[in-house]
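Student: After the structure tokens below, expect a handful of questions from me.
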Amino acid sequence: MKKLNIIILSFLMLAGNTFAQEKMSINDAIQLALTNNHNLKAVAVNKEQANNNATAGMAGLLPSVTANATADYSNNDTEMEFMNTGAPSDSDNRMVLDNAASTTYDANIRMDYVLFNGNGNRFTLNQLRESATLEEIRFKQEVETTVLQVVEAFYDISREQENLNISKETIVTSNKRLERLKNRYLLGQSTKLEVLNAEVDLNSDSTSYLQTEQAYYTAIRKLNVVLGGEVNALYEVDSNFDFIQGLTADVILDKAMTENLSLLAQQKQEEITELDLKIAKASKVPTVSTYASYGYNRMNNDAGQVLYSENLGMQAGVTMSFNVFNGHQQKKKEQNAKLNVIAQQETTMQLTKELQRDVMNAWSDYDYKQRIANMEAKSMEQAEMNFRQTKEQYELGQVTSIDFRTAQTNLQTAKNRLNDALYNAKVAEYSILQLSGDLLDQINE
């Protein structure tokens with residue numbers, strides 16, 4: 001029995017050490033995740049890249065300027081024969097030069113600019129900007145996903161933390177019951193069987209405590225990964241929370257149709273495919289470009305009619321190109337772009353209907369879980385009243401030890417069920433906030 005008491009004392013000391021750690025609120029956990037979560041940082045890179053691409057230069061709206069410089073040298077044995085241009089037929093029209101050197105120097109700076117290409121470059125700029133907006137929406141979606149992961153893990157810890165407290169109270173009560181029966185047994189007022197039953201019940205409660213403690217540490221490690229911190233860090237979480245007042249199914253559904261990030265992302269994708277179609281059509285229009293260059297050229301040649309030349313100056317011009325025929329590629333590109341638009345429109349309509357379904361299901365889930373929590377609260381009140389009355393009668397010897405144990409077990413079960421129901425309802429509340437697009441606004445308040 002001394003060994004059993006030592007085990008109980010170890011449980012209570014361990015519980016005290018567990019909850020003496022740093023206390024964390026749900027907002028603290030969310031802010032830590034938004035700062036340190038590794039998946040979120042990776043998605044932020046995509047957003048930054050899209051912003052870098054959404055510029056006039058990437059769309060081809062700015063001129064391109066290139067500088068070039070070359071220097072060539074050659075040394076050859078050269079033999080040339082010139083055409084007879086009226087000289088006597090016996091004159092020598094051949095020239096033989098050994099080690100004839102030739103050098104060429106060339107340097108220029110050139111600017112090219114597309115004056116008009118059917119507004120294709122402007123459509124491209126709009127497409128790049130819309131793509132950047134899409135990546136911004138996707139980043140917010142990842143933020144929402146991270147927040148929901150934090151919420152689920154945080155309230156899982158809260159639930160197990162409360163379950164540990166309940167188990168600790170149960171062990172204390174079971175230990176008092178055992179001590180009482182031992183004292184009564186010594187006085188001849190109880191049987192050895194009752195003492196053995198109490199010991200079995202205390203062992204069962206201790207096992208339940210260990211199982212709950214294991215679940216508690218597992219939940220903490222799960223949250224730590226989402227927070228991007230040390231996996232084995234320990235802390236206490238703030239279990240207090242209130243439900244948001246004034247939520248209605250109609251309001252949630254209306255907001256979801258205009259603010260849900262998944263729907264907004266799909267609508268943005270549809271706009272991008274429409275711009276793809278405009279870009280494809282722009283390829284049918286002639287492209288007008290201009291160029292200007294300023295350069296220097298010098299040539300020295302030991303063999304040839306021109307032994308030396310040098311040029312310095314500028315050159316400019318305008319070019320126009322028009323695709324007359326390219327194997328119907330232009331036509332197929334337009335057809336495929338139109339099909340992509342149709343596909344995205346259908347996807348948007350499908351997603352809208354799925355979102356309506358998900359909102360109604362999530363609201364129903366939230367509503368039922370709140371109703372279940374209210375019923376469990378009433379059950380716990382009844383179980384507490386029954387336990388108090390049974391305890392009083394047990395201390396007066398009016399009910400058996402088994403009756404007392406039944407009341408104790410019923411109370412523990414009622415507390416655990418209420419605990420689970422409350423946290424399940426709170427997580428369901430965050431889910432409907434995510435569907436309505438209010439989740440990020442809610443955590444920023």
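Here, A, B, ... name the chains of the structure tokens in the order displayed, residue numbers run from 1 inside each chain, and ligands are numbered from 1 in the same displayed order.
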Report as a list in words all protein, DNA and RNA residues lying within 8 Å of region 214-217 of chain A, evaluated on only C-alpha atoms, omitting residues in the same chain fewer than 4 positions from it.

Tutor: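 Returned residues: Asp156, Ile157, Glu160, Gln161, Leu210 and Arg221 of chain A.
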
Student: For N, CA, C and O atoms, I'd like the residues from the last selection saved as a compact mmCIF listing (two decimals), in the first residue's frame.

Tutor:
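Resulting contents of result24.txt:
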```txt
# COMPACT_ATOMS: atom_id res chain seq x y z
N ASP A 156 -6.93 20.94 -28.29
CA ASP A 156 -6.67 19.55 -27.91
C ASP A 156 -5.85 19.51 -26.63
O ASP A 156 -6.12 18.70 -25.73
N ILE A 157 -4.85 20.40 -26.54
CA ILE A 157 -4.07 20.50 -25.30
C ILE A 157 -4.97 20.93 -24.15
O ILE A 157 -4.90 20.38 -23.04
N GLU A 160 -7.08 18.00 -22.96
CA GLU A 160 -6.31 17.03 -22.19
C GLU A 160 -5.82 17.61 -20.87
O GLU A 160 -5.71 16.91 -19.87
N GLN A 161 -5.54 18.90 -20.88
CA GLN A 161 -5.14 19.57 -19.64
C GLN A 161 -6.26 19.53 -18.62
O GLN A 161 -6.03 19.25 -17.43
N LEU A 210 -2.40 8.24 -16.49
CA LEU A 210 -1.24 8.07 -17.35
C LEU A 210 -1.62 8.17 -18.83
O LEU A 210 -0.90 8.77 -19.63
N ARG A 221 3.38 18.37 -28.38
CA ARG A 221 4.37 18.22 -29.46
C ARG A 221 3.76 18.55 -30.82
O ARG A 221 4.43 19.13 -31.69
```

Student: Could you pull out all residues of region 316-434 of chain A with a DSSP call of strand (DSSP E or B) and give them as a PyMOL selection string?

Tutor: chain A and resi 316-321

Student: Need to verify the contact set: region 267-279 of chain A, 7 Å, only C-alpha atoms, exclusion of same-chain residues closer than 2 positions in sequence. Can you return it as number ranges by chain?

Tutor: A: 120, 123-124, 127, 130, 134, 263-265, 281-283, 334, 337-338, 340-341, 344-345, 348

Student: Which residues of region 282-391 of chain A come within 12 Å of region 64-73 of chain A, and for each one, what is the closest pair of atoms and their distance in Å to one decimal, counting only C-alpha atoms, sorted by chain and residue number, as a Markdown table?

Tutor:
```
| residue | atom | partner | partner_atom | distance |
| --- | --- | --- | --- | --- |
| A:Ser289 | CA | A:Ser64 | CA | 11.5 |
| A:Thr290 | CA | A:Ser64 | CA | 10.9 |
| A:Tyr291 | CA | A:Ser64 | CA | 9.5 |
| A:Ala292 | CA | A:Val65 | CA | 9.5 |
| A:Ser293 | CA | A:Val65 | CA | 9.3 |
| A:Tyr294 | CA | A:Ala67 | CA | 9.6 |
| A:Gly295 | CA | A:Asn68 | CA | 9.1 |
| A:Tyr296 | CA | A:Ala69 | CA | 9.3 |
| A:Asn297 | CA | A:Thr70 | CA | 9.6 |
| A:Arg298 | CA | A:Ala71 | CA | 9.6 |
| A:Met299 | CA | A:Asp72 | CA | 9.3 |
| A:Asn300 | CA | A:Tyr73 | CA | 9.5 |
| A:Asn301 | CA | A:Tyr73 | CA | 9.8 |
| A:Asp302 | CA | A:Tyr73 | CA | 11.6 |
```

Student: Check the DSSP output for the backbone and give back, as a PyMOL selection string, the residues of region 260-339 of chain A in alpha helix (DSSP H).

Tutor: chain A and resi 261-282+329-339

Student: Write out as a CSV table (one decimal) with all heavy atoms, in the first residue's frame each polymer residue whose atoms come within 9 Å of region 421-436 of chain A, counting only C-alpha atoms; drop sequence neighbours fewer than 4 positions from it.

Tutor:
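Final output, out-v3.csv:
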```csv
chain,number,residue,atom,x,y,z
A,144,GLU,N,-4.8,30.9,-43.0
A,144,GLU,CA,-6.0,30.3,-42.4
A,144,GLU,C,-5.7,28.9,-42.0
A,144,GLU,O,-6.1,28.4,-40.9
A,144,GLU,CB,-7.1,30.4,-43.4
A,144,GLU,CG,-7.8,31.8,-43.5
A,144,GLU,CD,-9.1,31.7,-44.4
A,144,GLU,OE1,-9.2,30.7,-45.1
A,144,GLU,OE2,-9.9,32.6,-44.2
A,145,THR,N,-5.1,28.1,-42.9
A,145,THR,CA,-4.8,26.7,-42.6
A,145,THR,C,-3.9,26.6,-41.4
A,145,THR,O,-4.2,25.7,-40.5
A,145,THR,CB,-4.1,26.1,-43.8
A,145,THR,OG1,-5.0,26.1,-45.0
A,145,THR,CG2,-3.8,24.6,-43.5
A,148,LEU,N,-6.0,27.4,-38.3
A,148,LEU,CA,-6.9,26.2,-37.9
A,148,LEU,C,-6.1,25.1,-37.3
A,148,LEU,O,-6.5,24.4,-36.4
A,148,LEU,CB,-7.6,25.7,-39.1
A,148,LEU,CG,-8.8,26.7,-39.6
A,148,LEU,CD1,-9.4,26.1,-40.9
A,148,LEU,CD2,-9.8,26.9,-38.5
A,151,VAL,N,-5.4,26.2,-33.8
A,151,VAL,CA,-6.6,26.1,-33.0
A,151,VAL,C,-6.9,24.6,-32.6
A,151,VAL,O,-7.2,24.3,-31.4
A,151,VAL,CB,-7.8,26.7,-33.8
A,151,VAL,CG1,-9.2,26.3,-33.1
A,151,VAL,CG2,-7.7,28.2,-33.9
A,152,GLU,N,-6.9,23.7,-33.5
A,152,GLU,CA,-7.2,22.3,-33.2
A,152,GLU,C,-6.2,21.8,-32.2
A,152,GLU,O,-6.6,21.1,-31.3
A,152,GLU,CB,-7.1,21.5,-34.5
A,152,GLU,CG,-8.3,21.8,-35.5
A,152,GLU,CD,-8.2,21.1,-36.8
A,152,GLU,OE1,-7.2,20.4,-37.0
A,152,GLU,OE2,-9.0,21.3,-37.7
A,155,TYR,N,-6.6,23.6,-28.6
A,155,TYR,CA,-7.8,23.2,-27.8
A,155,TYR,C,-7.7,21.7,-27.5
A,155,TYR,O,-8.4,21.2,-26.6
A,155,TYR,CB,-9.1,23.6,-28.5
A,155,TYR,CG,-9.3,25.0,-28.4
A,155,TYR,CD1,-9.4,25.8,-29.6
A,155,TYR,CD2,-9.5,25.6,-27.2
A,155,TYR,CE1,-9.7,27.2,-29.5
A,155,TYR,CE2,-9.7,27.0,-27.1
A,155,TYR,CZ,-9.8,27.8,-28.2
A,155,TYR,OH,-10.0,29.1,-28.1
A,156,ASP,N,-6.9,20.9,-28.3
A,156,ASP,CA,-6.7,19.6,-27.9
A,156,ASP,C,-5.9,19.5,-26.6
A,156,ASP,O,-6.1,18.7,-25.7
A,156,ASP,CB,-5.9,18.8,-29.0
A,156,ASP,CG,-5.9,17.3,-28.9
A,156,ASP,OD1,-6.8,16.8,-28.1
A,156,ASP,OD2,-5.1,16.6,-29.5
A,158,SER,N,-5.8,21.9,-24.4
A,158,SER,CA,-6.7,22.4,-23.4
A,158,SER,C,-7.6,21.3,-22.8
A,158,SER,O,-7.8,21.2,-21.6
A,158,SER,CB,-7.6,23.6,-23.9
A,158,SER,OG,-6.8,24.7,-24.3
A,159,ARG,N,-8.1,20.5,-23.8
A,159,ARG,CA,-9.0,19.4,-23.4
A,159,ARG,C,-8.3,18.4,-22.5
A,159,ARG,O,-8.7,18.0,-21.4
A,159,ARG,CB,-9.6,18.7,-24.6
A,159,ARG,CG,-10.4,17.5,-24.3
A,159,ARG,CD,-11.1,17.0,-25.6
A,159,ARG,NE,-10.2,16.9,-26.7
A,159,ARG,CZ,-10.6,17.0,-28.0
A,159,ARG,NH1,-11.9,17.1,-28.3
A,159,ARG,NH2,-9.7,16.9,-29.0
A,241,PHE,N,-12.4,30.5,-22.5
A,241,PHE,CA,-12.8,31.1,-23.8
A,241,PHE,C,-14.3,31.3,-23.8
A,241,PHE,O,-15.0,30.8,-22.9
A,241,PHE,CB,-12.4,30.1,-25.0
A,241,PHE,CG,-13.2,28.8,-25.0
A,241,PHE,CD1,-14.5,28.7,-25.4
A,241,PHE,CD2,-12.6,27.7,-24.4
A,241,PHE,CE1,-15.1,27.5,-25.4
A,241,PHE,CE2,-13.2,26.5,-24.4
A,241,PHE,CZ,-14.5,26.4,-24.9
A,242,ASP,N,-14.7,32.2,-24.7
A,242,ASP,CA,-16.1,32.5,-24.8
A,242,ASP,C,-16.5,32.3,-26.3
A,242,ASP,O,-15.7,32.4,-27.2
A,242,ASP,CB,-16.4,34.0,-24.5
A,242,ASP,CG,-16.1,34.3,-23.0
A,242,ASP,OD1,-16.5,33.5,-22.2
A,242,ASP,OD2,-15.5,35.3,-22.7
A,243,PHE,N,-17.7,31.9,-26.5
A,243,PHE,CA,-18.3,31.7,-27.8
A,243,PHE,C,-18.7,33.1,-28.4
A,243,PHE,O,-19.1,34.0,-27.7
A,243,PHE,CB,-19.5,30.8,-27.8
A,243,PHE,CG,-19.1,29.3,-27.6
A,243,PHE,CD1,-19.3,28.8,-26.4
A,243,PHE,CD2,-18.5,28.6,-28.6
A,243,PHE,CE1,-19.0,27.4,-26.1
A,243,PHE,CE2,-18.2,27.3,-28.4
A,243,PHE,CZ,-18.4,26.7,-27.1
A,244,ILE,N,-18.5,33.2,-29.7
A,244,ILE,CA,-18.9,34.5,-30.4
A,244,ILE,C,-20.4,34.6,-30.4
A,244,ILE,O,-21.1,33.6,-30.8
A,244,ILE,CB,-18.3,34.5,-31.8
A,244,ILE,CG1,-16.7,34.5,-31.7
A,244,ILE,CG2,-18.7,35.8,-32.5
A,244,ILE,CD1,-16.1,34.4,-33.0
A,251,VAL,N,-26.0,35.0,-42.2
A,251,VAL,CA,-24.9,35.9,-42.3
A,251,VAL,C,-23.6,35.2,-42.7
A,251,VAL,O,-22.9,35.7,-43.5
A,251,VAL,CB,-24.7,36.6,-40.9
A,251,VAL,CG1,-23.4,37.4,-40.9
A,251,VAL,CG2,-25.9,37.5,-40.6
A,252,ILE,N,-23.4,34.0,-42.2
A,252,ILE,CA,-22.2,33.3,-42.5
A,252,ILE,C,-22.2,32.9,-44.0
A,252,ILE,O,-21.2,33.1,-44.7
A,252,ILE,CB,-22.1,32.0,-41.7
A,252,ILE,CG1,-21.9,32.3,-40.2
A,252,ILE,CG2,-21.0,31.1,-42.2
A,252,ILE,CD1,-20.6,33.0,-39.9
A,253,LEU,N,-23.4,32.5,-44.5
A,253,LEU,CA,-23.5,32.2,-45.9
A,253,LEU,C,-23.3,33.4,-46.8
A,253,LEU,O,-22.6,33.3,-47.9
A,253,LEU,CB,-24.9,31.5,-46.2
A,253,LEU,CG,-25.1,31.0,-47.6
A,253,LEU,CD1,-24.0,29.9,-48.0
A,253,LEU,CD2,-26.5,30.5,-47.8
A,254,ASP,N,-23.9,34.5,-46.5
A,254,ASP,CA,-23.7,35.7,-47.3
A,254,ASP,C,-22.2,36.1,-47.4
A,254,ASP,O,-21.7,36.5,-48.4
A,254,ASP,CB,-24.5,36.9,-46.7
A,254,ASP,CG,-26.0,36.6,-47.0
A,254,ASP,OD1,-26.4,35.8,-47.8
A,254,ASP,OD2,-26.8,37.3,-46.2
A,255,LYS,N,-21.5,36.1,-46.2
A,255,LYS,CA,-20.1,36.5,-46.2
A,255,LYS,C,-19.3,35.5,-47.0
A,255,LYS,O,-18.3,35.9,-47.7
A,255,LYS,CB,-19.6,36.6,-44.8
A,255,LYS,CG,-20.2,37.8,-44.0
A,255,LYS,CD,-19.5,37.9,-42.7
A,255,LYS,CE,-19.9,39.2,-42.0
A,255,LYS,NZ,-19.2,39.4,-40.7
A,256,ALA,N,-19.6,34.2,-46.9
A,256,ALA,CA,-18.9,33.2,-47.6
A,256,ALA,C,-18.9,33.4,-49.1
A,256,ALA,O,-17.9,33.2,-49.8
A,256,ALA,CB,-19.4,31.8,-47.3
A,257,MET,N,-20.1,33.9,-49.6
A,257,MET,CA,-20.2,34.1,-51.1
A,257,MET,C,-19.4,35.3,-51.6
A,257,MET,O,-19.1,35.4,-52.8
A,257,MET,CB,-21.7,34.3,-51.4
A,257,MET,CG,-22.6,33.1,-51.2
A,257,MET,SD,-22.1,31.7,-52.2
A,257,MET,CE,-21.3,30.7,-51.0
A,258,THR,N,-18.9,36.1,-50.7
A,258,THR,CA,-18.2,37.3,-51.1
A,258,THR,C,-16.8,37.4,-50.5
A,258,THR,O,-15.9,38.1,-51.1
A,258,THR,CB,-18.9,38.6,-50.7
A,258,THR,OG1,-19.1,38.6,-49.2
A,258,THR,CG2,-20.2,38.7,-51.4
A,259,GLU,N,-16.5,36.6,-49.4
A,259,GLU,CA,-15.2,36.8,-48.8
A,259,GLU,C,-14.4,35.5,-48.6
A,259,GLU,O,-13.3,35.5,-48.1
A,259,GLU,CB,-15.4,37.4,-47.4
A,259,GLU,CG,-16.0,38.8,-47.5
A,259,GLU,CD,-16.3,39.4,-46.1
A,259,GLU,OE1,-15.6,39.0,-45.2
A,259,GLU,OE2,-17.1,40.3,-46.0
A,260,ASN,N,-15.0,34.3,-48.9
A,260,ASN,CA,-14.3,33.1,-48.8
A,260,ASN,C,-13.1,33.1,-49.7
A,260,ASN,O,-13.2,33.3,-50.9
A,260,ASN,CB,-15.2,31.9,-49.1
A,260,ASN,CG,-14.5,30.6,-49.0
A,260,ASN,OD1,-14.0,30.1,-50.0
A,260,ASN,ND2,-14.5,30.0,-47.8
A,261,LEU,N,-11.9,32.7,-49.1
A,261,LEU,CA,-10.7,32.9,-49.8
A,261,LEU,C,-10.6,31.8,-51.0
A,261,LEU,O,-10.0,32.1,-52.0
A,261,LEU,CB,-9.5,32.7,-48.9
A,261,LEU,CG,-9.3,33.8,-47.9
A,261,LEU,CD1,-8.1,33.6,-47.0
A,261,LEU,CD2,-9.2,35.2,-48.6
A,262,SER,N,-11.1,30.6,-50.8
A,262,SER,CA,-11.1,29.6,-51.8
A,262,SER,C,-11.9,30.1,-53.0
A,262,SER,O,-11.4,29.9,-54.2
A,262,SER,CB,-11.6,28.3,-51.3
A,262,SER,OG,-10.8,27.8,-50.3
A,355,LEU,N,-19.3,25.3,-51.7
A,355,LEU,CA,-19.1,26.2,-50.6
A,355,LEU,C,-20.5,26.4,-49.8
A,355,LEU,O,-20.5,26.4,-48.6
A,355,LEU,CB,-18.6,27.6,-51.1
A,355,LEU,CG,-18.4,28.6,-50.0
A,355,LEU,CD1,-17.4,28.1,-48.9
A,355,LEU,CD2,-17.9,29.9,-50.6
A,358,ASP,N,-20.9,23.3,-47.8
A,358,ASP,CA,-19.9,23.3,-46.7
A,358,ASP,C,-20.3,24.2,-45.6
A,358,ASP,O,-20.2,23.9,-44.4
A,358,ASP,CB,-18.5,23.6,-47.2
A,358,ASP,CG,-17.9,22.5,-48.1
A,358,ASP,OD1,-18.5,21.4,-48.1
A,358,ASP,OD2,-17.0,22.8,-48.8
A,359,VAL,N,-20.8,25.4,-46.0
A,359,VAL,CA,-21.2,26.4,-44.9
A,359,VAL,C,-22.4,25.8,-44.2
A,359,VAL,O,-22.4,25.9,-42.9
A,359,VAL,CB,-21.6,27.7,-45.6
A,359,VAL,CG1,-22.3,28.6,-44.6
A,359,VAL,CG2,-20.3,28.4,-46.1
A,362,ALA,N,-21.2,23.0,-42.0
A,362,ALA,CA,-20.4,23.5,-40.8
A,362,ALA,C,-21.3,24.2,-39.8
A,362,ALA,O,-21.1,24.0,-38.6
A,362,ALA,CB,-19.3,24.4,-41.4
A,363,TRP,N,-22.3,24.9,-40.3
A,363,TRP,CA,-23.2,25.6,-39.3
A,363,TRP,C,-24.0,24.5,-38.6
A,363,TRP,O,-24.2,24.7,-37.3
A,363,TRP,CB,-24.1,26.5,-40.1
A,363,TRP,CG,-25.1,27.2,-39.1
A,363,TRP,CD1,-26.4,26.8,-38.9
A,363,TRP,CD2,-24.8,28.2,-38.2
A,363,TRP,NE1,-27.0,27.6,-37.9
A,363,TRP,CE2,-26.0,28.5,-37.5
A,363,TRP,CE3,-23.7,29.0,-38.0
A,363,TRP,CZ2,-26.1,29.5,-36.5
A,363,TRP,CZ3,-23.8,30.0,-37.0
A,363,TRP,CH2,-25.0,30.2,-36.3
A,365,ASP,N,-23.1,21.5,-37.9
A,365,ASP,CA,-22.1,20.9,-37.0
A,365,ASP,C,-21.9,21.8,-35.7
A,365,ASP,O,-21.9,21.3,-34.6
A,365,ASP,CB,-20.8,20.6,-37.7
A,365,ASP,CG,-19.8,19.9,-36.8
A,365,ASP,OD1,-20.1,18.8,-36.4
A,365,ASP,OD2,-18.7,20.5,-36.6
A,366,TYR,N,-21.7,23.1,-36.0
A,366,TYR,CA,-21.5,24.0,-34.9
A,366,TYR,C,-22.7,24.1,-34.0
A,366,TYR,O,-22.6,24.1,-32.7
A,366,TYR,CB,-21.2,25.4,-35.5
A,366,TYR,CG,-21.1,26.5,-34.5
A,366,TYR,CD1,-20.1,26.5,-33.5
A,366,TYR,CD2,-22.0,27.6,-34.5
A,366,TYR,CE1,-20.0,27.5,-32.6
A,366,TYR,CE2,-21.9,28.6,-33.6
A,366,TYR,CZ,-20.9,28.6,-32.7
A,366,TYR,OH,-20.8,29.6,-31.8
A,367,ASP,N,-23.9,24.2,-34.6
A,367,ASP,CA,-25.1,24.3,-33.8
A,367,ASP,C,-25.4,23.0,-33.0
A,367,ASP,O,-25.7,23.1,-31.8
A,367,ASP,CB,-26.3,24.5,-34.8
A,367,ASP,CG,-27.6,24.6,-34.1
A,367,ASP,OD1,-27.8,25.5,-33.2
A,367,ASP,OD2,-28.6,23.8,-34.4
A,368,TYR,N,-25.2,21.9,-33.6
A,368,TYR,CA,-25.4,20.6,-32.8
A,368,TYR,C,-24.4,20.5,-31.7
A,368,TYR,O,-24.7,20.0,-30.6
A,368,TYR,CB,-25.4,19.4,-33.7
A,368,TYR,CG,-26.7,19.1,-34.4
A,368,TYR,CD1,-26.9,19.5,-35.7
A,368,TYR,CD2,-27.7,18.5,-33.7
A,368,TYR,CE1,-28.2,19.2,-36.3
A,368,TYR,CE2,-28.9,18.2,-34.3
A,368,TYR,CZ,-29.2,18.6,-35.6
A,368,TYR,OH,-30.4,18.3,-36.2
A,369,LYS,N,-23.2,20.9,-31.9
A,369,LYS,CA,-22.1,20.7,-30.9
A,369,LYS,C,-22.4,21.7,-29.7
A,369,LYS,O,-22.1,21.4,-28.6
A,369,LYS,CB,-20.7,20.9,-31.5
A,369,LYS,CG,-20.3,19.7,-32.3
A,369,LYS,CD,-18.9,19.9,-32.9
A,369,LYS,CE,-18.5,18.7,-33.6
A,369,LYS,NZ,-17.2,18.8,-34.3
A,370,GLN,N,-22.9,22.9,-30.0
A,370,GLN,CA,-23.3,23.8,-28.9
A,370,GLN,C,-24.5,23.2,-28.1
A,370,GLN,O,-24.5,23.3,-26.9
A,370,GLN,CB,-23.6,25.1,-29.5
A,370,GLN,CG,-22.4,26.0,-29.8
A,370,GLN,CD,-22.8,27.5,-29.8
A,370,GLN,OE1,-23.8,27.9,-30.2
A,370,GLN,NE2,-21.9,28.3,-29.2
A,372,ILE,N,-25.2,20.1,-27.8
A,372,ILE,CA,-24.7,19.0,-27.1
A,372,ILE,C,-23.9,19.5,-25.8
A,372,ILE,O,-24.1,18.9,-24.7
A,372,ILE,CB,-23.8,18.1,-27.9
A,372,ILE,CG1,-24.6,17.4,-29.0
A,372,ILE,CG2,-23.0,17.1,-27.1
A,372,ILE,CD1,-23.8,16.6,-30.0
A,373,ALA,N,-23.1,20.5,-26.0
A,373,ALA,CA,-22.4,21.1,-24.9
A,373,ALA,C,-23.4,21.6,-23.8
A,373,ALA,O,-23.1,21.4,-22.6
A,373,ALA,CB,-21.5,22.2,-25.3
A,374,ASN,N,-24.5,22.2,-24.2
A,374,ASN,CA,-25.5,22.7,-23.2
A,374,ASN,C,-26.1,21.5,-22.4
A,374,ASN,O,-26.3,21.5,-21.2
A,374,ASN,CB,-26.6,23.5,-23.9
A,374,ASN,CG,-26.0,24.8,-24.4
A,374,ASN,OD1,-25.1,25.3,-23.9
A,374,ASN,ND2,-26.7,25.3,-25.5
A,376,GLU,N,-24.7,18.5,-22.0
A,376,GLU,CA,-23.6,18.0,-21.1
A,376,GLU,C,-23.4,18.8,-19.9
A,376,GLU,O,-23.1,18.3,-18.8
A,376,GLU,CB,-22.3,17.8,-21.9
A,376,GLU,CG,-22.4,16.8,-23.1
A,376,GLU,CD,-22.6,15.4,-22.6
A,376,GLU,OE1,-22.5,15.1,-21.4
A,376,GLU,OE2,-22.8,14.5,-23.5
A,416,ASN,N,-15.7,14.9,-18.2
A,416,ASN,CA,-15.0,14.6,-19.4
A,416,ASN,C,-15.8,14.9,-20.7
A,416,ASN,O,-15.3,15.5,-21.7
A,416,ASN,CB,-14.4,13.2,-19.4
A,416,ASN,CG,-13.3,13.0,-18.5
A,416,ASN,OD1,-12.6,13.9,-18.1
A,416,ASN,ND2,-13.1,11.8,-18.0
A,417,ARG,N,-17.0,14.5,-20.6
A,417,ARG,CA,-17.9,14.7,-21.8
A,417,ARG,C,-18.2,16.1,-22.0
A,417,ARG,O,-18.2,16.6,-23.2
A,417,ARG,CB,-19.2,13.9,-21.6
A,417,ARG,CG,-19.0,12.4,-21.7
A,417,ARG,CD,-20.3,11.6,-21.4
A,417,ARG,NE,-21.4,12.0,-22.3
A,417,ARG,CZ,-22.6,11.4,-22.3
A,417,ARG,NH1,-22.8,10.4,-21.5
A,417,ARG,NH2,-23.5,11.7,-23.2
A,440,LEU,N,-9.4,35.6,-40.3
A,440,LEU,CA,-8.2,36.4,-40.1
A,440,LEU,C,-8.6,37.7,-39.5
A,440,LEU,O,-7.8,38.3,-38.7
A,440,LEU,CB,-7.5,36.7,-41.5
A,440,LEU,CG,-7.0,35.5,-42.2
A,440,LEU,CD1,-6.3,35.9,-43.5
A,440,LEU,CD2,-6.1,34.6,-41.4
A,442,GLN,N,-11.0,38.0,-37.3
A,442,GLN,CA,-11.3,37.7,-35.9
A,442,GLN,C,-10.0,37.6,-35.1
A,442,GLN,O,-9.9,38.1,-34.0
A,442,GLN,CB,-12.0,36.3,-35.8
A,442,GLN,CG,-12.5,35.9,-34.5
A,442,GLN,CD,-13.6,36.8,-34.0
A,442,GLN,OE1,-14.4,37.4,-34.7
A,442,GLN,NE2,-13.7,37.0,-32.7
```

Student: Please identify all polymer residues within 12 Å of Thr35 (chain A), counting only C-alpha atoms, omitting same-chain residues fewer than 6 positions from it, and present them as a ChimeraX atom specification.

Tutor: /A:28-29,41,44,143,146-147,226-229

Student: Taking only C-alpha atoms into account, name the residue in A:Val399, A:Leu178, A:Val324, A:Glu310 that is nearest to Asn203 (chain A).

Tutor: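 So, comparing all the options, the nearest one is A:Leu178.
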
Student: Given the choices A:Lys168, A:His38, A:Lys378, A:Lys284, which gets closest to Asp205 (chain A) if the distance is worked out from only C-alpha atoms?

Tutor: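 The shortest atom-to-atom distance to Asp205 (chain A) comes from A:Lys168.
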